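Colleague: Before I ask anything, let me first share the structure, which is written out below as structure tokens.
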Amino acid sequence: MLNATTTITYSVDVAEAIAKIVMNCKNEKAINITTGESKKWIEIYNIYRDYLSAKSIDFRLMRINSDQLIQKAFRSSKWQLLYDRKYDRIFDNSLLLKETGMTDEDFTKADDGLKKSLDALCGNMVFKSINPITNGFMDRITRERGLSK
């Protein structure tokens, strides 16, 4: 999975592209709303790791049995976990650029977009509660034993 490639787009850029499509597009074809930049999942992991390490937040990559995790904890996300990250997913944004007049330079670089998103998250770290059974299961398969420094 870590060597699979994906196209990742900053949410603000997606919103701006949608607005331009709504205002300007006369085409009825499906349009990929995405940047032309692609990254391997290991590169994305490294961005998260470096950012969170700089904030003294523990972030580790752990190998787990994904089939077991999907069956027990994340049934509703099965297809995303199985296929969204497992295979190369590089999208063509040429129709978007043509229909909106945008260029690849109009999009935030993936590294910068992830850091902006992490800034927003870390500045307001309020999370929904997690099901204690799911939490216990994830702790068991990741061998977590509570918070430690």
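All residue names refer to the structure tokens as shown: chains lettered A, B, ... in order, residues numbered from 1 in each chain, ligands numbered from 1 in order.
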Taking 2 positions as the minimum chain separation for residues in the same chain, which residues sit within 10 Å of Phe59 in chain A when counting only C-alpha atoms? Answer as a PDB file with N, CA and C atoms, in the first residue's frame.

Modeller:
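Output (selection31.pdb):
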ATOM      1  N   TYR A  45       2.565   9.650   4.289  1.00  0.00           N
ATOM      2  CA  TYR A  45       2.883   9.247   5.665  1.00  0.00           C
ATOM      3  C   TYR A  45       4.034  10.096   6.226  1.00  0.00           C
ATOM      4  N   TYR A  48       2.894  13.545   7.300  1.00  0.00           N
ATOM      5  CA  TYR A  48       2.215  13.457   8.598  1.00  0.00           C
ATOM      6  C   TYR A  48       3.221  13.245   9.725  1.00  0.00           C
ATOM      7  N   ARG A  49       4.131  12.285   9.554  1.00  0.00           N
ATOM      8  CA  ARG A  49       5.107  11.956  10.592  1.00  0.00           C
ATOM      9  C   ARG A  49       5.956  13.172  10.956  1.00  0.00           C
ATOM     10  N   ASP A  50       6.488  13.852   9.948  1.00  0.00           N
ATOM     11  CA  ASP A  50       7.348  15.006  10.198  1.00  0.00           C
ATOM     12  C   ASP A  50       6.579  16.133  10.883  1.00  0.00           C
ATOM     13  N   TYR A  51       5.368  16.386  10.413  1.00  0.00           N
ATOM     14  CA  TYR A  51       4.558  17.454  11.001  1.00  0.00           C
ATOM     15  C   TYR A  51       4.239  17.137  12.458  1.00  0.00           C
ATOM     16  N   LEU A  52       3.728  15.937  12.702  1.00  0.00           N
ATOM     17  CA  LEU A  52       3.311  15.584  14.060  1.00  0.00           C
ATOM     18  C   LEU A  52       4.497  15.437  14.997  1.00  0.00           C
ATOM     19  N   SER A  53       5.626  14.958  14.503  1.00  0.00           N
ATOM     20  CA  SER A  53       6.836  14.874  15.326  1.00  0.00           C
ATOM     21  C   SER A  53       7.291  16.264  15.757  1.00  0.00           C
ATOM     22  N   SER A  56       5.520  17.280  18.676  1.00  0.00           N
ATOM     23  CA  SER A  56       5.672  16.316  19.776  1.00  0.00           C
ATOM     24  C   SER A  56       4.447  15.429  19.944  1.00  0.00           C
ATOM     25  N   ILE A  57       3.825  15.080  18.832  1.00  0.00           N
ATOM     26  CA  ILE A  57       2.685  14.165  18.842  1.00  0.00           C
ATOM     27  C   ILE A  57       3.171  12.823  18.315  1.00  0.00           C
ATOM     28  N   LEU A  61       3.941   4.253  12.271  1.00  0.00           N
ATOM     29  CA  LEU A  61       3.406   3.348  11.266  1.00  0.00           C
ATOM     30  C   LEU A  61       3.421   1.949  11.864  1.00  0.00           C
ATOM     31  N   MET A  62       2.270   1.285  11.805  1.00  0.00           N
ATOM     32  CA  MET A  62       2.179  -0.050  12.367  1.00  0.00           C
ATOM     33  C   MET A  62       1.631  -1.001  11.315  1.00  0.00           C
TER      34      MET A  62
END

Colleague: Considering only C-alpha atoms, state which residue in the set A:Asn93, A:Asn27, A:Asn135, A:Thr34 is at the smallest distance from Ala15 in chain A.

Modeller: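 Distance minimum relative to Ala15 in chain A lands on A:Thr34.
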
Colleague: Work out how far apart CA of Ala54 in chain A and CA of Ser129 in chain A are and give it in Å to one decimal.

Modeller: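 Those two atoms sit 25.9 Å apart.
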
Colleague: To one decimal in Å, tell me the separation between CA of Met102 in chain A and CA of Arg89 in chain A.

Modeller: 21.7 Å

Colleague: Using only C-alpha atoms, can you tell me which of A:Tyr87, A:Ser117, A:Thr35, A:Ile133 comes closest to Glu105 in chain A?

Modeller: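 Closest to Glu105 in chain A of all the choices is A:Thr35.
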
Colleague: So which residues touch Asp111 in chain A within 8 Å, counting only C-alpha atoms, skipping near sequence neighbours fewer than 2 positions away, as an MDAnalysis selection string?

Modeller: chainID A and resid 44 47 109 113:115
